[in-house]
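Shown next: coords-v5.cif, given as mmCIF, C-alpha atoms.
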```cif
data_input
loop_
_atom_site.label_atom_id
_atom_site.label_comp_id
_atom_site.auth_asym_id
_atom_site.auth_seq_id
_atom_site.Cartn_x
_atom_site.Cartn_y
_atom_site.Cartn_z
CA MET A 1 -45.22 -24.70 203.66
CA MET A 2 -42.42 -27.13 202.85
CA ALA A 3 -42.95 -28.87 199.52
CA ARG A 4 -40.65 -31.80 200.25
CA LYS A 5 -41.78 -34.82 202.23
CA LEU A 6 -40.43 -34.99 205.76
CA THR A 7 -39.10 -38.29 207.07
CA ALA A 8 -38.01 -39.59 210.45
CA ILE A 9 -34.55 -38.64 211.67
CA GLN A 10 -32.27 -41.46 212.75
CA GLY A 11 -31.41 -41.65 216.44
CA GLY A 12 -32.90 -39.87 219.42
CA TRP A 13 -33.79 -41.11 222.88
CA GLU A 14 -36.45 -40.95 225.57
CA ALA A 15 -36.02 -40.36 229.29
CA ALA A 16 -36.07 -44.06 230.10
CA ASN A 17 -33.24 -44.71 227.64
CA LEU A 18 -31.00 -42.08 229.18
CA ALA A 19 -31.74 -43.31 232.70
CA VAL A 20 -30.16 -46.72 231.99
CA ASP A 21 -27.39 -45.51 229.67
CA SER A 22 -24.11 -44.70 231.42
CA SER A 23 -22.18 -43.89 228.23
CA TRP A 24 -22.89 -40.17 228.57
CA THR A 25 -21.47 -39.79 232.10
CA TYR A 26 -17.84 -39.92 233.24
CA ARG A 27 -16.48 -39.41 236.76
CA LEU A 28 -12.96 -38.05 236.89
CA SER A 29 -10.48 -40.46 238.47
CA PRO A 30 -7.92 -39.37 241.07
CA THR A 31 -5.29 -39.48 238.32
CA ASP A 32 -7.48 -37.28 236.09
CA ILE A 33 -7.78 -34.74 238.89
CA VAL A 34 -4.00 -34.68 239.40
CA ASP A 35 -3.57 -34.13 235.65
CA LEU A 36 -6.17 -31.37 235.71
CA GLU A 37 -4.38 -29.72 238.61
CA LYS A 38 -1.09 -29.84 236.69
CA ALA A 39 -2.70 -28.22 233.64
CA LEU A 40 -4.15 -25.45 235.77
CA ALA A 41 -0.83 -24.89 237.57
CA PHE A 42 0.90 -24.55 234.19
CA ALA A 43 -1.70 -22.01 233.02
CA LEU A 44 -1.41 -20.01 236.24
CA GLN A 45 2.38 -19.93 235.86
CA ALA A 46 2.00 -18.57 232.32
CA ASN A 47 -0.17 -15.79 233.79
CA LYS A 48 -1.92 -14.89 230.53
CA SER A 49 -5.34 -13.34 230.01
CA LEU A 50 -8.03 -15.71 228.73
CA PHE A 51 -7.89 -14.22 225.23
CA ALA A 52 -4.09 -14.53 225.14
CA MET A 53 -4.12 -18.22 226.06
CA THR A 54 -3.70 -21.08 223.62
CA PRO A 55 -4.33 -24.80 224.18
CA THR A 56 -0.61 -25.24 224.84
CA ASP A 57 -1.02 -22.97 227.89
CA PHE A 58 -3.37 -25.58 229.38
CA PRO A 59 -1.59 -28.83 228.51
CA LEU A 60 -3.69 -31.96 228.88
CA SER A 61 -2.44 -35.43 229.68
CA GLU A 62 -3.11 -38.22 227.22
CA ALA A 63 -5.81 -39.52 229.55
CA LEU A 64 -7.64 -36.17 229.77
CA SER A 65 -7.32 -35.71 226.01
CA SER A 66 -9.03 -39.08 225.60
CA VAL A 67 -11.82 -37.98 227.92
CA LEU A 68 -12.46 -34.87 225.80
CA ALA A 69 -12.30 -36.96 222.61
CA GLN A 70 -14.98 -39.26 224.04
CA THR A 71 -16.98 -36.18 225.03
CA MET A 72 -17.04 -34.97 221.43
CA ARG A 73 -17.89 -38.40 220.02
CA THR A 74 -20.86 -38.65 222.36
CA LEU A 75 -22.00 -35.12 221.53
CA GLN A 76 -21.79 -35.69 217.79
CA THR A 77 -22.86 -39.31 217.31
CA GLY A 78 -24.26 -40.45 220.67
CA THR A 79 -26.76 -38.98 223.10
CA GLY A 80 -25.75 -35.37 222.36
CA VAL A 81 -25.08 -34.74 226.06
CA TYR A 82 -22.00 -35.56 228.14
CA LEU A 83 -21.53 -35.09 231.88
CA LEU A 84 -18.11 -34.87 233.52
CA LYS A 85 -18.34 -35.30 237.29
CA GLY A 86 -15.97 -34.76 240.16
CA VAL A 87 -14.10 -31.54 239.42
CA PRO A 88 -12.88 -30.47 242.91
CA VAL A 89 -14.31 -26.96 242.66
CA ASN A 90 -13.72 -26.24 246.34
CA ARG A 91 -9.98 -26.64 245.80
CA TRP A 92 -9.64 -23.52 243.64
CA SER A 93 -10.80 -19.93 243.60
CA THR A 94 -13.51 -18.72 241.23
CA GLU A 95 -10.92 -17.03 239.00
CA GLN A 96 -8.84 -20.20 238.87
CA LEU A 97 -11.94 -22.17 237.92
CA ARG A 98 -12.55 -19.73 235.06
CA ILE A 99 -9.10 -20.54 233.72
CA LEU A 100 -9.73 -24.26 234.16
CA PHE A 101 -13.06 -24.21 232.32
CA TRP A 102 -11.67 -21.92 229.60
CA GLY A 103 -8.66 -24.18 229.21
CA LEU A 104 -10.81 -27.27 228.69
CA GLY A 105 -12.99 -25.34 226.24
CA MET A 106 -9.99 -24.31 224.13
CA HIS A 107 -9.23 -27.97 223.49
CA LEU A 108 -12.76 -28.49 222.16
CA GLY A 109 -13.27 -25.41 220.00
CA VAL A 110 -13.62 -21.62 219.84
CA ALA A 111 -15.62 -19.79 222.53
CA ARG A 112 -18.44 -17.55 221.32
CA PRO A 113 -19.69 -14.22 222.77
CA GLN A 114 -22.84 -14.38 224.89
CA GLY A 115 -24.64 -11.06 225.09
CA LYS A 116 -24.65 -7.29 224.83
CA THR A 117 -21.35 -6.95 226.70
CA SER A 118 -19.77 -9.65 224.50
CA LEU A 119 -18.64 -11.89 227.36
CA TYR A 120 -17.14 -15.17 226.23
CA LEU A 121 -17.40 -16.90 229.62
CA THR A 122 -20.52 -15.98 231.57
CA ASP A 123 -21.67 -16.45 235.13
CA VAL A 124 -25.04 -18.15 235.47
CA ARG A 125 -26.50 -16.73 238.68
CA ASP A 126 -29.47 -14.68 239.82
CA VAL A 127 -29.00 -10.90 239.68
CA GLY A 128 -32.71 -10.06 239.59
CA THR A 129 -33.31 -10.08 235.83
CA ASP A 130 -36.92 -10.23 234.57
CA TYR A 131 -36.69 -13.28 232.32
CA ARG A 132 -39.84 -12.49 230.32
CA SER A 133 -39.01 -8.85 229.52
CA SER A 134 -37.89 -7.61 226.10
CA THR A 135 -34.29 -7.61 227.32
CA GLY A 136 -34.49 -10.41 229.89
CA ARG A 137 -31.95 -13.21 230.04
CA GLY A 138 -32.72 -16.39 231.93
CA TYR A 139 -29.19 -17.10 233.07
CA ASN A 140 -29.31 -13.94 235.24
CA SER A 141 -32.58 -14.89 236.96
CA ASN A 142 -33.89 -17.61 239.25
CA ALA A 143 -36.97 -18.13 237.08
CA ALA A 144 -37.97 -21.36 235.40
CA LEU A 145 -36.49 -21.33 231.90
CA ASP A 146 -38.34 -22.41 228.78
CA PHE A 147 -36.95 -25.33 226.83
CA HIS A 148 -34.45 -23.92 224.38
CA THR A 149 -31.19 -24.40 222.54
CA ASP A 150 -28.32 -21.90 222.61
CA THR A 151 -26.63 -20.19 219.67
CA GLY A 152 -23.49 -22.25 219.29
CA ASP A 153 -22.51 -25.77 218.29
CA ILE A 154 -21.96 -26.79 221.91
CA VAL A 155 -22.97 -25.34 225.28
CA GLY A 156 -20.95 -26.16 228.38
CA LEU A 157 -22.04 -25.57 231.98
CA MET A 158 -19.76 -25.97 235.00
CA CYS A 159 -21.52 -26.07 238.37
CA LEU A 160 -19.67 -24.39 241.25
CA ARG A 161 -22.52 -24.18 243.77
CA THR A 162 -26.12 -25.37 243.84
CA ALA A 163 -29.26 -23.55 245.02
CA ALA A 164 -30.90 -24.03 248.39
CA SER A 165 -33.75 -25.73 246.53
CA GLY A 166 -34.90 -26.12 242.94
CA GLY A 167 -32.88 -25.48 239.81
CA GLU A 168 -33.53 -28.91 238.32
CA SER A 169 -32.15 -29.36 234.80
CA ALA A 170 -34.18 -31.02 232.06
CA ILE A 171 -33.04 -32.23 228.66
CA VAL A 172 -34.96 -33.59 225.68
CA SER A 173 -33.81 -35.18 222.44
CA ALA A 174 -34.70 -32.82 219.59
CA VAL A 175 -34.55 -35.79 217.23
CA ARG A 176 -37.16 -37.64 219.27
CA VAL A 177 -39.37 -34.54 219.49
CA HIS A 178 -39.20 -34.21 215.69
CA ASN A 179 -40.07 -37.84 215.12
CA VAL A 180 -42.98 -37.79 217.58
CA MET A 181 -44.41 -34.74 215.83
CA LEU A 182 -43.90 -36.39 212.44
CA LYS A 183 -45.99 -39.34 213.59
CA LYS A 184 -48.68 -37.49 215.53
CA HIS A 185 -48.76 -33.95 214.09
CA PRO A 186 -47.14 -33.99 210.62
CA SER A 187 -48.94 -30.87 209.38
CA ALA A 188 -47.75 -28.90 212.41
CA LEU A 189 -44.18 -30.15 211.97
CA LYS A 190 -43.99 -28.75 208.45
CA HIS A 191 -44.58 -25.23 209.74
CA LEU A 192 -41.58 -25.52 212.06
CA TYR A 193 -39.38 -25.74 208.95
CA GLU A 194 -40.67 -22.31 207.86
CA PRO A 195 -38.93 -18.98 208.59
CA MET A 196 -39.90 -17.15 211.78
CA HIS A 197 -38.51 -14.04 213.44
CA PHE A 198 -36.99 -13.87 216.91
CA SER A 199 -36.10 -10.88 219.07
CA ARG A 200 -32.42 -10.40 219.93
CA GLN A 201 -33.62 -9.34 223.39
CA GLY A 202 -31.71 -6.07 223.29
CA ASP A 203 -28.40 -7.80 222.57
CA ALA A 204 -28.01 -6.79 218.92
CA ALA A 205 -24.58 -5.70 217.75
CA LEU A 206 -24.32 -2.16 216.38
CA ASP A 207 -24.59 -3.37 212.78
CA GLU A 208 -27.40 -5.89 213.41
CA LYS A 209 -31.16 -5.55 213.36
CA PRO A 210 -32.84 -6.11 216.75
CA TYR A 211 -34.31 -9.37 215.44
CA TYR A 212 -33.26 -12.25 213.23
CA GLN A 213 -34.84 -14.93 211.07
CA SER A 214 -34.53 -18.67 211.47
CA SER A 215 -36.59 -21.84 211.50
CA VAL A 216 -37.12 -24.20 214.41
CA PHE A 217 -36.10 -27.32 212.50
CA GLY A 218 -33.95 -27.70 209.44
CA GLN A 219 -31.75 -30.05 207.47
CA ALA A 220 -28.58 -29.50 205.46
CA ASP A 221 -26.66 -32.12 203.49
CA GLY A 222 -28.36 -34.90 205.43
CA HIS A 223 -27.77 -33.31 208.84
CA PHE A 224 -30.75 -32.52 211.07
CA ALA A 225 -30.66 -29.50 213.39
CA ALA A 226 -33.01 -27.86 215.90
CA PHE A 227 -33.08 -24.18 216.87
CA VAL A 228 -35.57 -23.85 219.74
CA ARG A 229 -35.73 -20.42 221.34
CA PRO A 230 -37.67 -19.38 224.46
CA SER A 231 -41.28 -18.62 223.57
CA HIS A 232 -41.05 -14.95 224.56
CA HIS A 233 -38.28 -14.37 221.99
CA ILE A 234 -40.92 -14.93 219.28
CA LEU A 235 -43.69 -13.12 221.18
CA ASN A 236 -41.46 -10.10 221.83
CA ALA A 237 -40.49 -9.94 218.15
CA GLN A 238 -44.18 -9.90 217.22
CA LYS A 239 -44.95 -7.26 219.87
CA ASP A 240 -41.98 -4.94 219.42
CA PHE A 241 -41.42 -4.94 215.65
CA GLN A 242 -44.53 -4.19 213.64
CA GLU A 243 -42.61 -4.40 210.36
CA LEU A 244 -42.23 -8.15 210.77
CA PRO A 245 -44.71 -10.56 209.16
CA ARG A 246 -47.32 -11.83 211.60
CA LEU A 247 -47.26 -15.48 212.59
CA SER A 248 -49.98 -17.42 210.87
CA SER A 249 -52.53 -19.35 212.90
CA ASP A 250 -50.89 -22.55 211.63
CA GLN A 251 -47.48 -21.41 212.87
CA LYS A 252 -48.88 -20.49 216.28
CA GLN A 253 -50.51 -23.88 216.55
CA ALA A 254 -47.28 -25.60 215.46
CA LEU A 255 -45.35 -23.80 218.21
CA GLU A 256 -47.95 -24.88 220.76
CA VAL A 257 -47.71 -28.50 219.60
CA LEU A 258 -43.92 -28.25 219.82
CA HIS A 259 -44.12 -26.96 223.39
CA ASN A 260 -46.55 -29.69 224.43
CA THR A 261 -44.42 -32.42 222.83
CA ILE A 262 -41.24 -31.24 224.54
CA GLN A 263 -43.06 -31.23 227.89
CA ASP A 264 -44.00 -34.92 227.57
CA GLU A 265 -42.48 -36.60 230.63
CA ARG A 266 -41.68 -39.69 228.58
CA LEU A 267 -39.25 -37.59 226.55
CA CYS A 268 -37.90 -35.32 229.27
CA PHE A 269 -34.94 -36.48 231.35
CA ARG A 270 -34.50 -34.58 234.63
CA MET A 271 -31.47 -34.24 236.87
CA TYR A 272 -29.70 -31.86 239.23
CA LEU A 273 -26.25 -30.62 238.36
CA GLU A 274 -23.99 -31.05 241.38
CA SER A 275 -20.98 -28.99 242.44
CA GLY A 276 -18.08 -30.17 240.29
CA ASP A 277 -20.24 -31.25 237.34
CA ILE A 278 -19.48 -30.07 233.80
CA GLN A 279 -22.31 -30.67 231.35
CA PHE A 280 -21.78 -30.36 227.60
CA MET A 281 -24.70 -30.45 225.12
CA ASN A 282 -25.03 -30.49 221.35
CA ASN A 283 -27.35 -27.55 220.65
CA TYR A 284 -28.67 -29.08 217.42
CA THR A 285 -29.87 -32.35 218.95
CA VAL A 286 -30.58 -31.60 222.63
CA ILE A 287 -33.09 -29.07 224.03
CA HIS A 288 -32.65 -27.98 227.64
CA ALA A 289 -34.50 -26.14 230.40
CA ARG A 290 -34.35 -25.44 234.14
CA THR A 291 -36.90 -25.15 236.91
CA ASN A 292 -37.04 -22.09 239.15
CA TYR A 293 -34.97 -22.11 242.30
CA ILE A 294 -34.67 -20.57 245.76
CA ASP A 295 -31.18 -19.35 246.57
CA HIS A 296 -29.21 -19.34 249.79
CA ALA A 297 -29.28 -16.15 251.84
CA GLU A 298 -25.49 -16.08 252.19
CA PRO A 299 -23.81 -14.53 249.10
CA GLU A 300 -20.93 -17.00 249.20
CA LEU A 301 -23.35 -19.94 249.01
CA LYS A 302 -25.58 -18.73 246.18
CA ARG A 303 -26.09 -20.88 243.10
CA HIS A 304 -23.31 -20.29 240.58
CA LEU A 305 -22.55 -21.90 237.24
CA MET A 306 -20.23 -20.85 234.44
CA ARG A 307 -21.25 -21.12 230.79
CA LEU A 308 -19.30 -21.52 227.56
CA TRP A 309 -20.71 -21.50 224.05
CA LEU A 310 -18.39 -23.21 221.59
CA ALA A 311 -18.01 -23.54 217.85
CA VAL A 312 -16.25 -26.84 217.23
CA PRO A 313 -14.31 -28.30 214.29
CA GLN A 314 -16.80 -31.19 214.14
CA GLY A 315 -19.60 -28.68 213.53
CA GLN A 316 -22.15 -29.82 210.95
CA PRO A 317 -23.55 -27.84 208.01
CA LEU A 318 -26.60 -25.79 208.99
CA PRO A 319 -29.84 -24.90 207.15
CA SER A 320 -29.75 -21.84 204.88
CA LEU A 321 -32.50 -20.16 206.93
CA TRP A 322 -30.09 -20.00 209.87
CA GLN A 323 -27.59 -17.65 208.19
CA ASP A 324 -28.99 -14.59 209.95
CA ALA A 325 -28.73 -16.21 213.37
CA MET A 326 -25.46 -18.12 213.06
CA LYS A 327 -23.52 -15.91 210.60
CA ASP A 328 -21.84 -18.93 209.00
CA ILE A 329 -23.67 -22.12 208.12
CA SER A 330 -20.66 -23.97 206.71
CA PRO A 331 -19.35 -27.06 208.48
CA CYS A 332 -16.25 -26.68 210.65
CA ALA A 333 -16.81 -22.92 210.98
CA VAL A 334 -16.50 -20.34 213.74
CA ARG A 335 -20.13 -19.24 214.11
CA GLY A 336 -22.96 -18.57 216.51
CA GLY A 337 -22.95 -16.67 219.74
CA VAL A 338 -24.49 -13.28 220.53
CA ARG A 339 -21.97 -10.71 219.35
CA GLY A 340 -23.17 -7.77 221.41
CA CYS A 341 -21.42 -4.39 221.42
CA ASN A 342 -18.03 -5.03 222.96
CA ILE A 343 -16.10 -7.20 220.51
CA THR A 344 -12.46 -6.17 220.97
CA PRO A 345 -9.29 -6.63 218.91
CA GLU A 346 -8.12 -9.08 221.60
CA ALA A 347 -11.28 -11.14 221.14
CA ILE A 348 -10.85 -11.17 217.36
CA ALA A 349 -7.21 -12.20 217.67
CA TYR A 350 -8.25 -15.03 219.99
CA GLU A 351 -10.95 -16.22 217.57
CA ARG A 352 -8.57 -16.21 214.60
CA ARG A 353 -5.80 -17.97 216.53
CA LEU A 354 -8.09 -20.71 217.87
CA ALA A 355 -9.75 -21.15 214.47
CA GLN A 356 -6.35 -21.72 212.91
CA HIS A 357 -5.40 -24.14 215.68
CA HIS A 358 -8.52 -26.24 215.06
CA GLY A 359 -8.44 -25.87 211.27
CA MET A 360 -11.79 -24.07 211.22
CA ARG A 361 -13.26 -21.67 208.69
CA TYR A 362 -13.25 -18.09 209.96
CA SER A 363 -15.23 -15.60 207.93
CA ARG A 364 -17.77 -14.09 210.31
CA ILE A 365 -18.59 -10.43 209.94
CA SER A 366 -17.14 -9.75 213.39
CA SER A 367 -13.72 -10.69 212.03
CA ASP A 368 -13.69 -7.30 210.29
CA LEU A 369 -13.43 -4.77 213.09
CA SER A 370 -13.86 -1.93 210.62
CA VAL A 371 -17.55 -2.83 210.40
CA TYR A 372 -17.91 -2.72 214.16
CA GLU A 373 -15.78 0.41 214.58
CA GLY A 374 -17.68 2.21 211.83
CA ALA A 375 -21.02 1.47 213.46
CA LEU A 376 -19.63 2.51 216.83
CA ALA A 377 -18.36 5.82 215.47
CA ALA A 378 -21.79 6.56 213.94
CA ALA A 379 -23.52 5.70 217.21
CA ILE A 380 -21.43 8.08 219.33
CA ALA A 381 -21.13 10.92 216.82
CA PRO A 382 -22.56 14.25 218.10
#
```

Would you encode the structure as structure tokens?
Amino acid sequence: MMARKLTAIQGGWEAANLAVDSSWTYRLSPTDIVDLEKALAFALQANKSLFAMTPTDFPLSEALSSVLAQTMRTLQTGTGVYLLKGVPVNRWSTEQLRILFWGLGMHLGVARPQGKTSLYLTDVRDVGTDYRSSTGRGYNSNAALDFHTDTGDIVGLMCLRTAASGGESAIVSAVRVHNVMLKKHPSALKHLYEPMHFSRQGDAALDEKPYYQSSVFGQADGHFAAFVRPSHHILNAQKDFQELPRLSSDQKQALEVLHNTIQDERLCFRMYLESGDIQFMNNYTVIHARTNYIDHAEPELKRHLMRLWLAVPQGQPLPSLWQDAMKDISPCAVRGGVRGCNITPEAIAYERRLAQHHGMRYSRISSDLSVYEGALAAAIAP
């Protein structure tokens, strides 16, 4: 149990606050859309792969640069969520929209890999995945997703098409959840600062264990951070890896109190992402979820989002217990993501180039391909 005394974290919001606060939403103007179209046309003319692109290959107008600057300010010091509306997604093909979303992301930070196949820009759509299985991933299912945060400084979602019904998004202030627990369940809150183990859900890199250690809440140099994983990531770690320490009864109760607090409708703001919306969230201060959905029968109409995980130069220092999960806990560092088993030289070159562009620390283990290649050689040896 933590020896130090826990205190309230400054900030946070409840659903009613977000409902009347327009500072976290921006609708693109006609001029913005023309500027966005020009940036995309420039990138298409360059005809580079995503990993070969630089921010100069997707040049932003002064106005769009200001929009992204406001996005980051809101993510870091405001609500922790920012919603850009009005991207004319029907104007461009899916591949062109990938370039557009990637281009915007490059101006914010460095994209992070997102699974066993090491994809840096993923499609969020139902392909029949069993979300609760030991290898299940929610973004490939139509199931209701537990409240969680992702493994990166920022998560971005661009909505191309919506479901026939359902798929409601929900967000909660992690700061407010912490402070409510401090007031009502202080003994439970302390256990959420303790180390716990989480399953990597079959996405471990070749030189990683199939699980990792972290805490749910933590603080570093005065910065608060939350790391909330889906409940089955903890349950699967307990079920599949007998060598791990068992959760204590106090830890189990603390996780239950956490779940119940997050579910409080006074804290939970609900909305539907619309086609043309881009939602960015600070993973350390905002917890998110999604209800289940029913898709359209026609393949071309099925629900489809794209997802980016980003490490950003404004990234805060992270708790020491998060080293295993994030790889680098220093501020302004390239970190996070799920490395998987397909990190390529092109991906590493991209990471290094973008880190240099943003002035970010780059020292993750994946920067040394010899580690990856050595593990790969051992895995395929006869």

**Request:** Let me know the residues the PyMOL selection byres ((chain A and resi 198-202) around 10) catches in the file above, as number ranges by chain.
**Result:** A: 115-116, 132-137, 195-197, 203-205, 208-215, 229-241, 244, 325, 338, 340

Write a file of the selected residues as a CSV table (one decimal), keeping the file's coordinate frame, keeping C-alpha atoms.
```csv
chain,number,residue,atom,x,y,z
A,115,GLY,CA,-24.6,-11.1,225.1
A,116,LYS,CA,-24.6,-7.3,224.8
A,132,ARG,CA,-39.8,-12.5,230.3
A,133,SER,CA,-39.0,-8.8,229.5
A,134,SER,CA,-37.9,-7.6,226.1
A,135,THR,CA,-34.3,-7.6,227.3
A,136,GLY,CA,-34.5,-10.4,229.9
A,137,ARG,CA,-32.0,-13.2,230.0
A,195,PRO,CA,-38.9,-19.0,208.6
A,196,MET,CA,-39.9,-17.2,211.8
A,197,HIS,CA,-38.5,-14.0,213.4
A,203,ASP,CA,-28.4,-7.8,222.6
A,204,ALA,CA,-28.0,-6.8,218.9
A,205,ALA,CA,-24.6,-5.7,217.8
A,208,GLU,CA,-27.4,-5.9,213.4
A,209,LYS,CA,-31.2,-5.6,213.4
A,210,PRO,CA,-32.8,-6.1,216.8
A,211,TYR,CA,-34.3,-9.4,215.4
A,212,TYR,CA,-33.3,-12.2,213.2
A,213,GLN,CA,-34.8,-14.9,211.1
A,214,SER,CA,-34.5,-18.7,211.5
A,215,SER,CA,-36.6,-21.8,211.5
A,229,ARG,CA,-35.7,-20.4,221.3
A,230,PRO,CA,-37.7,-19.4,224.5
A,231,SER,CA,-41.3,-18.6,223.6
A,232,HIS,CA,-41.0,-15.0,224.6
A,233,HIS,CA,-38.3,-14.4,222.0
A,234,ILE,CA,-40.9,-14.9,219.3
A,235,LEU,CA,-43.7,-13.1,221.2
A,236,ASN,CA,-41.5,-10.1,221.8
A,237,ALA,CA,-40.5,-9.9,218.2
A,238,GLN,CA,-44.2,-9.9,217.2
A,239,LYS,CA,-45.0,-7.3,219.9
A,240,ASP,CA,-42.0,-4.9,219.4
A,241,PHE,CA,-41.4,-4.9,215.6
A,244,LEU,CA,-42.2,-8.2,210.8
A,325,ALA,CA,-28.7,-16.2,213.4
A,338,VAL,CA,-24.5,-13.3,220.5
A,340,GLY,CA,-23.2,-7.8,221.4
```

**Asked** the PyMOL selection byres ((chain A and resi 254) around 10) on the file shown: which residues, as a list of chain:residue names?
**Response**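 This file gives the following for the PyMOL selection byres ((chain A and resi 254) around 10): A:Met181, A:His185, A:Pro186, A:Ser187, A:Ala188, A:Leu189, A:Lys190, A:His191, A:Leu192, A:Ser248, A:Ser249, A:Asp250, A:Gln251, A:Lys252, A:Gln253, A:Leu255, A:Glu256, A:Val257, A:Leu258, A:His259, A:Asn260.
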
**Request:** Name the residues that the PyMOL selection byres ((chain A and resi 334) around 8) picks from the file above, as a list in words, using the file's chain letters and numbers.
**Result:**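 Those residues are Val110, Ala311, Val312, Asp328, Cys332, Ala333, Arg335, Gly336, Glu351, Ala355, Met360, Arg361, Tyr362, Ser363 and Arg364 of chain A.
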
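Excluding stretch 58-67 of chain A itself and same-chain residues fewer than 5 positions from it, the residues having an atom within 9 Å of it are Tyr26, Thr31, Asp32, Asp35, Leu36, Lys38, Ala39, Leu40, Ala41, Phe42, Ala43, Met53, Met72, Leu84, Ile99, Leu100, Gly103, Leu104, Met106 and His107 of chain A, counting only C-alpha atoms.
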
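Nearest-residue note for A:Leu119: choosing from A:Leu50, A:Met326, A:Glu265, A:Arg352, the minimum distance belongs to A:Leu50, counting only C-alpha atoms.
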
**Message:** Measuring between all atoms listed in the file, which one of A:Leu182, A:Ala69, A:Ala289, A:Ile329 shows the shortest distance to A:Met271?
**Reply:**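 Closest to A:Met271, using all atoms listed in the file: A:Ala289.
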
**Message:** Nearest residue to A:Leu18 out of A:Asn90, A:Thr79, A:Thr285, A:Thr162, using only C-alpha atoms?
**Reply:**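 Answer, going by the shortest atom-to-atom distance: A:Thr79.
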
**Asked** Expressed in Å to a single decimal, how great is the separation between atom CA of A:Glu300 and atom CA of A:Leu145?
**Response** 23.7 Å

**Message:** Quick one: residues within 9 Å of A:Ala170, only C-alpha atoms, excluding same-chain residues fewer than 6 positions away - as a count of residues only?
**Reply:** 11

**Atom-to-atom span, atom CA of A:Leu108 and atom CA of A:Leu354, Å** =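 Atom-to-atom, atom CA of A:Leu108 and atom CA of A:Leu354 are spaced 10.0 Å apart.
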
**Asked** So how far away is atom CA of A:His148 from atom CA of A:Ala8, in Å?
**Response** 21.3 Å

**Message:** My list of candidates is A:Asn140, A:Ser173, A:Gln45, A:Thr7. Which is closest to A:Met281 when distances are computed with all atoms listed in the file?
**Reply:**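 For A:Met281, the nearest of the given residues is A:Ser173.
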